[in-house]
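Chemist: If it helps, the file is called my_file.txt and holds compact mmCIF, C-alpha atoms:
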```txt
# COMPACT_ATOMS: atom_id res chain seq x y z
CA MET U 8 154.78 -101.71 -48.45
CA LEU U 9 157.39 -104.44 -48.73
CA PHE U 10 156.80 -105.38 -45.08
CA ARG U 11 153.08 -105.67 -45.67
CA ARG U 12 153.58 -107.85 -48.62
CA MET U 13 155.72 -110.20 -46.66
CA THR U 14 153.17 -110.64 -43.91
CA ASP U 15 150.04 -111.23 -45.97
CA TRP U 16 151.54 -112.74 -49.06
CA PRO U 17 150.34 -114.73 -50.93
CA ARG U 18 147.01 -112.82 -50.89
CA ARG U 19 144.00 -115.01 -51.25
CA ASP U 20 142.07 -112.45 -53.24
CA TRP U 21 144.47 -112.31 -56.17
CA THR U 22 142.68 -113.38 -59.30
CA SER U 23 145.29 -112.29 -61.76
CA PRO U 24 148.96 -111.37 -61.54
CA PHE U 25 148.10 -107.79 -62.48
CA ASP U 26 145.86 -107.13 -59.47
CA GLU U 27 148.73 -105.75 -57.43
CA MET U 28 149.73 -103.43 -60.26
CA GLU U 29 146.13 -102.26 -60.58
CA ARG U 30 145.96 -101.52 -56.88
CA MET U 31 149.21 -99.57 -57.00
CA ARG U 32 148.02 -97.59 -59.99
CA ARG U 33 144.81 -96.69 -58.22
CA GLN U 34 146.72 -95.54 -55.17
CA MET U 35 149.04 -93.38 -57.28
CA ASP U 36 146.06 -91.84 -59.05
CA TRP U 37 144.43 -91.11 -55.74
CA LEU U 38 147.62 -89.53 -54.42
CA SER U 39 148.20 -87.33 -57.45
CA GLU U 40 144.58 -86.30 -57.50
CA GLY U 41 144.87 -85.29 -53.86
CA LEU U 42 147.66 -82.85 -54.76
CA THR U 43 145.77 -81.08 -57.49
CA ARG U 44 142.19 -81.66 -56.50
CA VAL U 45 139.89 -78.67 -56.35
CA PRO U 46 137.48 -79.24 -53.49
CA TRP U 47 134.35 -78.64 -55.54
CA ARG U 48 134.19 -78.64 -59.28
CA GLY U 49 130.65 -78.35 -60.49
CA PRO U 50 130.11 -78.31 -64.22
CA SER U 51 131.20 -74.91 -65.43
CA ALA U 52 131.80 -73.25 -68.74
CA GLY U 53 134.78 -71.49 -67.15
CA VAL U 54 133.73 -68.20 -68.67
CA PHE U 55 133.13 -65.03 -66.72
CA PRO U 56 130.61 -64.45 -65.25
CA LEU U 57 129.78 -67.69 -63.51
CA MET U 58 126.02 -68.12 -63.56
CA ASN U 59 123.46 -70.10 -61.72
CA VAL U 60 120.28 -71.05 -63.54
CA THR U 61 117.33 -72.22 -61.49
CA GLU U 62 113.74 -72.87 -62.42
CA ASP U 63 110.38 -73.24 -60.87
CA LYS U 64 107.11 -74.20 -62.50
CA ASP U 65 106.66 -71.02 -64.50
CA ASN U 66 109.99 -69.23 -64.74
CA TYR U 67 113.70 -69.46 -65.10
CA TYR U 68 116.00 -67.40 -62.94
CA VAL U 69 119.54 -66.65 -64.01
CA ARG U 70 121.88 -65.12 -61.49
CA ALA U 71 125.41 -63.88 -61.89
CA GLU U 72 127.77 -62.10 -59.51
CA LEU U 73 128.97 -58.89 -61.10
CA PRO U 74 130.28 -56.58 -58.39
CA GLY U 75 130.71 -52.98 -59.39
CA LEU U 76 128.58 -53.15 -62.48
CA LYS U 77 125.63 -50.89 -62.72
CA ALA U 78 122.49 -51.66 -64.62
CA ASP U 79 123.31 -49.46 -67.59
CA GLU U 80 126.75 -50.96 -68.12
CA LEU U 81 125.31 -54.36 -68.93
CA ASP U 82 124.02 -55.47 -72.27
CA ILE U 83 121.42 -58.21 -71.88
CA SER U 84 119.44 -59.70 -74.72
CA VAL U 85 117.23 -62.75 -75.18
CA THR U 86 116.14 -64.83 -78.13
CA GLY U 87 113.87 -67.88 -78.14
CA ASP U 88 115.79 -69.93 -75.62
CA THR U 89 119.11 -68.16 -75.13
CA LEU U 90 120.17 -65.37 -72.86
CA SER U 91 123.18 -63.27 -73.71
CA ILE U 92 124.99 -61.03 -71.22
CA SER U 93 127.96 -58.84 -72.04
CA GLY U 94 129.69 -55.82 -70.67
CA GLU U 95 132.95 -54.58 -69.31
CA ARG U 96 134.14 -54.50 -65.77
CA LYS U 97 136.27 -51.49 -65.04
CA LEU U 98 138.22 -50.81 -61.90
CA THR U 99 138.11 -47.28 -60.58
CA THR U 100 141.36 -45.48 -61.26
CA GLU U 101 142.96 -44.39 -58.08
CA ASP U 102 145.49 -41.86 -57.08
CA GLU U 103 148.66 -42.11 -59.14
CA LYS U 104 150.86 -41.93 -56.11
CA ALA U 105 149.16 -44.90 -54.50
CA GLN U 106 151.30 -47.86 -53.58
CA TYR U 107 149.56 -51.16 -53.99
CA HIS U 108 149.89 -53.76 -51.27
CA ARG U 109 147.59 -56.25 -52.96
CA ARG U 110 145.89 -56.41 -56.30
CA GLU U 111 143.49 -59.31 -56.57
CA ARG U 112 140.53 -57.90 -58.42
CA GLU U 113 140.51 -58.07 -62.19
CA ALA U 114 138.91 -56.00 -64.89
CA GLY U 115 138.06 -56.71 -68.47
CA LYS U 116 135.36 -57.41 -70.98
CA PHE U 117 133.03 -60.33 -70.76
CA SER U 118 130.39 -61.82 -72.96
CA ARG U 119 128.44 -64.97 -72.35
CA ILE U 120 125.51 -66.78 -73.85
CA VAL U 121 123.57 -69.41 -71.97
CA THR U 122 120.95 -71.68 -73.49
CA LEU U 123 117.93 -72.53 -71.41
CA PRO U 124 116.26 -75.92 -71.47
CA SER U 125 113.05 -74.63 -73.06
CA GLN U 126 111.63 -71.61 -74.79
CA ILE U 127 110.92 -68.45 -72.89
CA ASP U 128 108.44 -65.65 -73.32
CA THR U 129 110.82 -62.93 -74.49
CA GLY U 130 108.30 -60.16 -73.99
CA LYS U 131 108.10 -60.64 -70.24
CA VAL U 132 111.77 -60.95 -69.32
CA GLU U 133 112.93 -58.76 -66.45
CA ALA U 134 116.34 -58.14 -64.99
CA ASN U 135 117.55 -56.35 -61.93
CA CYS U 136 120.95 -55.70 -60.44
CA ALA U 137 121.25 -55.30 -56.68
CA GLU U 138 124.36 -55.40 -54.49
CA GLY U 139 126.42 -56.61 -57.40
CA VAL U 140 124.20 -59.62 -58.15
CA LEU U 141 122.36 -59.65 -61.46
CA THR U 142 119.09 -61.55 -61.46
CA VAL U 143 117.28 -62.19 -64.73
CA PHE U 144 113.74 -63.43 -64.48
CA LEU U 145 112.59 -65.33 -67.55
CA PRO U 146 109.02 -66.61 -67.73
CA LYS U 147 108.63 -69.81 -69.65
CA ALA U 148 106.70 -69.79 -72.91
CA GLU U 149 103.20 -71.12 -72.53
CA ALA U 150 103.95 -74.16 -74.64
CA ALA U 151 106.89 -75.04 -72.39
CA LYS U 152 105.03 -75.00 -69.12
CA PRO U 153 104.05 -78.37 -67.75
CA LYS U 154 100.35 -79.04 -68.12
CA GLN U 155 98.52 -81.43 -65.93
CA ILE U 156 96.61 -84.05 -67.84
CA SER U 157 93.71 -85.54 -66.04
CA VAL U 158 93.11 -89.19 -66.60
CA LYS U 159 89.52 -90.08 -67.22
CA ALA U 160 88.25 -93.19 -65.62
CA TYR U 161 85.68 -95.12 -67.55
CA MET W 3 149.96 -52.20 -67.55
CA ALA W 4 148.91 -49.57 -70.08
CA ASP W 5 147.07 -51.62 -72.67
CA THR W 6 144.47 -49.60 -74.45
CA GLU W 7 142.17 -52.52 -75.25
CA SER W 8 140.65 -54.49 -72.41
CA LYS W 9 141.36 -58.16 -72.28
CA ALA W 10 138.63 -60.69 -71.71
CA LEU W 11 137.85 -61.17 -68.07
CA GLN W 12 138.64 -64.64 -66.78
CA ALA W 13 136.25 -66.53 -64.56
CA LYS W 14 137.60 -67.26 -61.13
CA GLU W 15 136.00 -69.61 -58.69
CA LYS W 16 135.48 -68.28 -55.24
CA ALA W 17 138.08 -69.40 -52.75
CA GLU W 18 136.86 -70.93 -49.54
CA VAL W 19 138.31 -69.72 -46.31
CA THR W 20 140.77 -72.01 -44.58
CA THR W 21 140.24 -70.68 -41.12
CA PRO W 22 140.73 -72.78 -38.01
CA ALA W 23 137.76 -71.18 -36.25
CA GLU W 24 134.38 -72.61 -37.20
CA GLN W 25 131.19 -70.65 -37.56
CA THR W 26 128.26 -71.05 -35.26
CA ARG W 27 125.93 -71.58 -38.23
CA PRO W 28 126.83 -74.04 -40.95
CA GLY W 29 127.45 -72.65 -44.40
CA LEU W 30 130.20 -71.83 -46.82
CA VAL W 31 132.65 -69.04 -46.15
CA PHE W 32 134.62 -67.41 -48.94
CA THR W 33 137.48 -64.96 -49.01
CA PRO W 34 136.62 -61.85 -50.99
CA SER W 35 139.15 -60.53 -53.51
CA VAL W 36 140.62 -57.28 -52.28
CA ASP W 37 142.81 -54.51 -53.58
CA ILE W 38 144.75 -52.68 -50.90
CA PHE W 39 146.71 -49.57 -51.60
CA GLU W 40 148.24 -46.85 -49.59
CA THR W 41 148.55 -43.14 -50.16
CA GLU W 42 150.31 -40.67 -47.93
CA LYS W 43 147.35 -40.05 -45.73
CA GLU W 44 145.37 -43.24 -45.71
CA ILE W 45 145.09 -46.89 -46.59
CA ILE W 46 142.27 -47.83 -48.92
CA LEU W 47 140.82 -51.29 -49.20
CA LEU W 48 138.45 -52.35 -51.98
CA ALA W 49 136.74 -55.71 -51.57
CA ASP W 50 134.40 -57.53 -53.94
CA MET W 51 131.49 -58.75 -51.87
CA PRO W 52 128.50 -59.28 -54.14
CA GLY W 53 125.26 -60.10 -52.42
CA VAL W 54 126.09 -58.38 -49.14
CA LYS W 55 123.80 -55.62 -47.97
CA SER W 56 125.21 -52.84 -45.82
CA GLY W 57 123.26 -54.05 -42.79
CA ASP W 58 124.88 -57.49 -43.02
CA LEU W 59 128.46 -56.30 -43.16
CA ASN W 60 130.57 -56.13 -40.01
CA ILE W 61 133.90 -54.40 -40.04
CA ASP W 62 136.01 -54.61 -36.94
CA LEU W 63 139.42 -53.18 -36.13
CA HIS W 64 140.89 -54.49 -32.96
CA GLU W 65 144.55 -54.47 -31.98
CA ASN W 66 145.68 -53.82 -35.52
CA VAL W 67 143.68 -56.70 -36.94
CA LEU W 68 141.02 -55.70 -39.44
CA THR W 69 138.17 -58.17 -39.86
CA LEU W 70 135.68 -58.08 -42.71
CA ASP W 71 132.61 -60.21 -42.23
CA GLY W 72 129.74 -60.04 -44.70
CA ASP W 73 126.66 -62.18 -44.56
CA VAL W 74 124.98 -63.29 -47.76
CA LYS W 75 121.45 -64.64 -47.89
CA SER W 76 120.70 -67.36 -50.36
CA PRO W 77 119.03 -65.61 -53.27
CA GLU W 78 116.98 -68.55 -54.49
CA GLY W 79 113.36 -68.93 -53.53
CA ALA W 80 112.11 -72.09 -51.88
CA ASP W 81 110.54 -73.60 -54.99
CA GLU W 82 113.47 -73.16 -57.30
CA VAL W 83 115.32 -76.13 -58.66
CA ASP W 84 118.87 -75.93 -60.00
CA VAL W 85 119.40 -76.26 -63.72
CA ILE W 86 123.00 -75.07 -63.84
CA ARG W 87 124.99 -74.20 -60.76
CA GLU W 88 128.41 -72.73 -61.38
CA TYR W 89 129.03 -70.84 -58.20
CA ARG W 90 127.94 -71.24 -54.64
CA THR W 91 126.87 -68.52 -52.28
CA GLY W 92 128.14 -68.05 -48.81
CA LYS W 93 129.34 -65.38 -46.48
CA TYR W 94 132.57 -63.48 -46.94
CA TYR W 95 135.26 -63.32 -44.30
CA ARG W 96 138.79 -62.00 -44.33
CA GLN W 97 141.24 -60.68 -41.79
CA PHE W 98 144.23 -58.44 -42.25
CA THR W 99 146.97 -57.30 -39.95
CA LEU W 100 147.64 -53.63 -40.32
CA SER W 101 151.15 -52.45 -39.97
CA GLN W 102 150.26 -48.81 -39.72
CA VAL W 103 148.54 -47.07 -36.90
CA ILE W 104 145.04 -46.08 -37.94
CA ASP W 105 142.90 -43.28 -36.62
CA GLN W 106 139.87 -45.36 -35.69
CA SER W 107 137.48 -42.45 -35.35
CA LYS W 108 137.88 -41.47 -38.97
CA ILE W 109 137.40 -44.82 -40.68
CA ASP W 110 134.99 -44.57 -43.57
CA ALA W 111 133.21 -47.52 -45.17
CA GLU W 112 131.02 -47.50 -48.22
CA LEU W 113 129.32 -50.53 -49.74
CA LYS W 114 128.01 -49.96 -53.22
CA ASP W 115 127.06 -52.47 -55.94
CA GLY W 116 128.72 -55.25 -54.01
CA ILE W 117 132.06 -53.46 -53.61
CA LEU W 118 133.25 -52.33 -50.22
CA ARG W 119 135.45 -49.27 -50.13
CA LEU W 120 137.13 -48.86 -46.81
CA ARG W 121 139.21 -45.79 -46.05
CA LEU W 122 141.55 -46.05 -43.10
CA PRO W 123 143.21 -42.74 -42.39
CA LYS W 124 146.62 -43.00 -40.85
CA VAL W 125 147.31 -41.33 -37.57
CA GLU W 126 148.89 -37.93 -38.13
CA ALA W 127 152.22 -38.90 -36.70
CA ALA W 128 152.52 -41.75 -39.19
CA THR W 129 152.27 -39.55 -42.25
CA PRO W 130 155.74 -39.23 -43.71
CA ARG W 131 157.54 -36.11 -42.82
CA LYS W 132 160.67 -35.32 -44.63
CA ILE W 133 163.58 -34.38 -42.44
CA ALA W 134 166.02 -32.12 -44.14
CA VAL W 135 169.60 -33.13 -43.59
CA LYS W 136 171.93 -30.24 -43.33
CA SER W 137 175.41 -30.71 -44.58
CA SER W 138 178.03 -28.73 -42.80
```
Do you think you could lay out the structure here as structure tokens?
Modeler:
Amino acid sequence: MLFRRMTDWPRRDWTSPFDEMERMRRQMDWLSEGLTRVPWRGPSAGVFPLMNVTEDKDNYYVRAELPGLKADELDISVTGDTLSISGERKLTTEDEKAQYHRREREAGKFSRIVTLPSQIDTGKVEANCAEGVLTVFLPKAEAAKPKQISVKAY
Amino acid sequence: MADTESKALQAKEKAEVTTPAEQTRPGLVFTPSVDIFETEKEIILLADMPGVKSGDLNIDLHENVLTLDGDVKSPEGADEVDVIREYRTGKYYRQFTLSQVIDQSKIDAELKDGILRLRLPKVEAATPRKIAVKSS
């Protein structure tokens, strides 16, 4: 860095004596971020289970990955615009004489509430659990559905 | 770890695979969390692979390398728009080197509720046999 400064110093683009410091600070930030950076960090509540909420014109769909949980071990309830999911993930107890090589899966209780952007029709909510993925299908309340307004031409 | 009350389960983001070999189709590849344990007669592997159907799972054991490869279809329909996206979906891939000799004809795999349970019975000669030492 010293060599570079000697060859293109004084820089013509300096507008203030602190520009060099600013550039160094930005480079240090970039370096330290590169050490700890997580490749993708979408907005997340950081609470188990991670959920994806998608919508189309008439419904919301909430999906969560819950491997090993059967339909009757989950407690799902809805109110006007919130969905609440709770339960407990248990790991099957194995042979006592088993020697573990790796233990990466975790067990424990979870409980999560997610608020949807608009009201839903609580009477028509359905949920199903297949291959460890829970899908909750929430139809929007009639008042929340977009209505086309036709413009009259006079 | 004998706590009588369960702790709250922490959310863990899925770890992407850092494999040098690329896939033929583009998409994300994740490593599934596994528990591996060994009893006298067999090695048992439990892997979390939510979203994989039994037809989309390939298990291969070749020269002591076990490969798990599960394909996951995107669950969203074509018209759906994301409101919140906290996890991504992608196929699962993991390889293990087995130190024990496995009886390939008796491997048993069961995929239920997104959990794969793989039983790898050890070859008879590898089961421990105690040798009594006589002292003279």
Chemist: Quick one: of U:Gly87, U:Pro124, U:Pro146, U:Pro74, who's nearest to Ala49 (chain W), counting only C-alpha atoms?
Modeler: U:Pro74
Chemist: Could you pull the residues within 9 Å of Ser101 (chain W), counting all atoms listed in the file, minus those fewer than 2 positions along the same chain, as a list in words?
Modeler: Asn66, Thr99 and Val103 of chain W
Chemist: Between CA of Ala134 (chain U) and CA of Asp65 (chain U), what is the spacing in Å?
Modeler: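 One can read the CA of Asp65 (chain U) to CA of Ala134 (chain U) distance as 16.1 Å.
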Chemist: Nearest to Gly115 (chain U) among U:Ser84, U:Leu73, U:Ala160, U:Leu90, with distances taken over only C-alpha atoms: which residue is it?
Modeler: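 Answer, going by the shortest atom-to-atom distance: U:Leu73.
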Chemist: So which one's closest to chain W, U:Arg119, U:Lys147, U:Arg96, U:Arg33? Using all atoms listed in the file, please.
Modeler: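 Counting all atoms listed in the file, the residue closest to chain W is U:Arg96.
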Chemist: Distance cut-off 9 Å, counting all atoms listed in the file - which residues of chain U neighbour chain W? Return them as a PyMOL selection string.
Modeler: chain U and resi 48-64+67-68+70-77+95-96+102+104-118+123-124+136-140
Chemist: Using all atoms listed in the file, can you tell me which of U:Thr89, U:Gln155, U:Gln34, U:Ser23 comes closest to Asp128 (chain U)?
Modeler: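 Closest to Asp128 (chain U) of all the choices is U:Thr89.
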Chemist: Could you name the residues that touch Asp105 (chain W) at 8 Å or less, counting only C-alpha atoms, but leaving out those on the same chain fewer than 3 positions away, as a list of chain:residue names?
Modeler: W:Lys108, W:Ile109, W:Leu122, W:Pro123, W:Lys124, W:Val125
Chemist: Which residue out of W:Arg119, W:Glu126, W:Ala134, W:Tyr94 has the minimum interatomic distance to Thr99 (chain U) when all atoms listed in the file are used?
Modeler: W:Arg119
Chemist: Leaving out Gly72 (chain W) and any residue of its chain fewer than 6 positions from it, which residues lie within 7 Å of it when counting only C-alpha atoms, given as a list in words?
Modeler: Val54, Asp58, Leu59, Asn60, Lys93, Tyr94 and Tyr95 of chain W
Chemist: Go ahead and compute the interatomic distance for CA of Glu133 (chain U) and CA of Val69 (chain U), in Å to one decimal.
Modeler: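 These two atoms are separated by 10.6 Å.
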Chemist: Take CA of Ala151 (chain U) and CA of Thr129 (chain U) and report the distance between them in Å, one decimal.
Modeler: 12.9 Å
Chemist: Between U:Val158, U:Asn66, U:Phe144, U:Lys97, single out the one closest to Ser125 (chain U), counting all atoms listed in the file.
Modeler: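 Checking each of U:Val158, U:Asn66, U:Phe144, U:Lys97 against Ser125 (chain U), counting all atoms listed in the file, the winner is U:Asn66.
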Chemist: Within 7 Å of (136.0, -54.2, -44.2) (file coordinates; only C-alpha atoms), which protein or nucleic acid residues are there? I'd like them as a list in words.
Modeler: Ile61, Thr69, Leu70, Leu118 and Leu120 of chain W
Chemist: Taking only C-alpha atoms, show region 77-116 of chain W of the given structure as a CSV table (one decimal), in the first residue's frame.
Modeler:
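Resulting contents of selection.csv:
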```csv
chain,number,residue,atom,x,y,z
W,77,PRO,CA,-43.5,-26.4,-3.3
W,78,GLU,CA,-44.9,-23.1,-4.4
W,79,GLY,CA,-47.4,-22.8,-7.2
W,80,ALA,CA,-46.7,-20.6,-10.2
W,81,ASP,CA,-48.9,-17.7,-9.1
W,82,GLU,CA,-47.6,-17.4,-5.6
W,83,VAL,CA,-45.7,-14.3,-4.6
W,84,ASP,CA,-43.4,-14.2,-1.6
W,85,VAL,CA,-44.5,-12.3,1.5
W,86,ILE,CA,-41.9,-13.7,3.9
W,87,ARG,CA,-39.1,-16.0,2.9
W,88,GLU,CA,-37.0,-17.4,5.7
W,89,TYR,CA,-35.7,-20.6,4.1
W,90,ARG,CA,-34.9,-21.7,0.7
W,91,THR,CA,-35.6,-25.1,-0.8
W,92,GLY,CA,-33.1,-27.2,-2.7
W,93,LYS,CA,-31.9,-30.7,-3.0
W,94,TYR,CA,-30.0,-32.5,-0.3
W,95,TYR,CA,-26.6,-34.1,-0.8
W,96,ARG,CA,-24.1,-35.6,1.5
W,97,GLN,CA,-21.3,-38.1,1.3
W,98,PHE,CA,-19.7,-40.2,4.0
W,99,THR,CA,-16.8,-42.5,4.1
W,100,LEU,CA,-17.5,-45.7,5.9
W,101,SER,CA,-14.8,-47.2,7.9
W,102,GLN,CA,-16.6,-50.5,8.5
W,103,VAL,CA,-17.3,-53.1,6.0
W,104,ILE,CA,-21.1,-53.2,5.2
W,105,ASP,CA,-23.1,-56.1,4.0
W,106,GLN,CA,-24.6,-54.3,1.0
W,107,SER,CA,-27.4,-56.8,0.4
W,108,LYS,CA,-29.0,-56.1,3.7
W,109,ILE,CA,-29.1,-52.3,3.7
W,110,ASP,CA,-32.5,-51.0,4.7
W,111,ALA,CA,-33.7,-47.5,4.0
W,112,GLU,CA,-36.9,-46.0,5.3
W,113,LEU,CA,-38.1,-42.4,4.5
W,114,LYS,CA,-40.9,-41.2,6.7
W,115,ASP,CA,-42.1,-37.7,7.5
W,116,GLY,CA,-39.0,-36.3,5.9
```
